[in-house]
Each structure stands twice: as C-alpha cells, then as structure tokens.
Amino acid sequence: MTDHRLGLAAASNDDETAQLAAKLYEHVRQLNYATAGPPSLTLPSTAYAILGNLSAATYGLDQLLNQINRFFLRELPAGRLGHDHGEDLTDVLSRHGQALAEARHHTKALCTALNEAQTAINAVHSRPTPGRLANLTTQGMAGEQDAGVVAAAEDFPRPISDPTLLEPPLLSDRQNSVRTRRLKSPEA
C-alpha cells in the first residue's frame, strides 16, 4: 500500500489537486505524441519502460478512485454535501459509487494486461541489420529498407493537431471542464 504522507507536499489545496489531474492528462497527451515514432521511440527498452510505468500508474489509479469514493462517503453523513438540482444525494452517490467500482475493476484489468504486455517483450532487444546504424535518428543514415523510418524521423516533431495524425477534437463544455475549469460548486 502506498504511504499517503509522501505525497502531501504535492498539493496543498483543492486547486493544486485538480491541477495534478490536468497534468496527468497532459503527460498522457505528450506520451501519445512521443510514441508516434522516431525520434522518441526507437528502442524496445523504451517501450518496456513505458509499459512498466503505465502499469504502475494504473495500479495507483485504483487507490485514487477508492479514495475519491471514500471522500464522498465521509462527507455525506457529515452533512457537507448538497446538489445543484435538489436530487437525492444518496441515489446520486450510489450511482457514483457503482461507476467507480466498475472503473476500479477496469483499472485492475488494465494493470494486469499492461504487466502481461511488458513481460511478453522482456527479452526483446534491438539489433543492427546490414546497412543500418543502431540509432537512425541521431546518425541520419540508414539502409534502403529503413528509408521510411528516416523520412518519418525528419517529419517529427509535428503538432498533435496535424490533420494527418489526428482529427481535431470537438470543442465542448465537457472537454473544457476536464482540464481545470471549476464548476459552480466549490467541490466540483
């Protein structure tokens, strides 16, 4: 189990805690960009390390989701919660708890799957092929069979909004609220 005291300095208020979640989203976005190909992903050991860290992160998400659920279970009987539309909080928090229980089930399954993926590539390594230097992106040279890799490396970095990589996301209130926007109530 994780020692809660080690992370206390990471956030000293609700705004900083919400900012940590926004940074998590940003780090995932940057990883998506970095793993699109050279020059940021050229070695099996990098993929192995990424899978290990993602597995550890999803393991931690289980604890995070449990702590969020416990927060609401603690606040409800203390009378510190209300609902903007007057809905019965017991029903709302029941649905919330069921959704978090399902999410926790999925995080455990994802953690297991990521561990299995990492284990599967444990012995995979890079090896030079005839006419190919070990690190194409820093040497700038390659054999004929690697011409596509070199061309791709020359195209990077490209912005995440490049239409050849991804379609631009739809702008919506929900997407904006995922980052750092605060809703009406102070707890949101």
# chains A, B, ... in the order shown; residues from 1 in each chain; ligands from 1
$ residues_around --residues "region 43-54 of chain A" --least-positions-apart "3" --cutoff "7 Å" --atoms "only C-alpha atoms" --output "list in words"
Ala57, Thr58, Leu114, Asn115, Gln118, Ile121, Val124, His125 and Ser126 of chain A
$ closest_residue --among "A:Asp15, A:Ala123, A:Leu110, A:Pro128" --to "Ser55 (chain A)" --atoms "only C-alpha atoms"
A:Leu110
$ closest_residue --among "A:Thr42, A:Gly97, A:Asn32, A:Asp91" --to "Arg127 (chain A)" --atoms "only C-alpha atoms"
A:Thr42
$ select_by_dssp --residues "region 14-150 of chain A" --states "alpha helix (DSSP H)" --output "VMD selection string"
chain A and resid 14 to 34 44 to 75 89 to 120 136 to 139 147 to 150
$ residues_around --residues "region 59-66 of chain A" --least-positions-apart "2" --cutoff "7 Å" --atoms "only C-alpha atoms" --output "ChimeraX atom specification"
/A:55-57,68-70,100,104,107-108,111
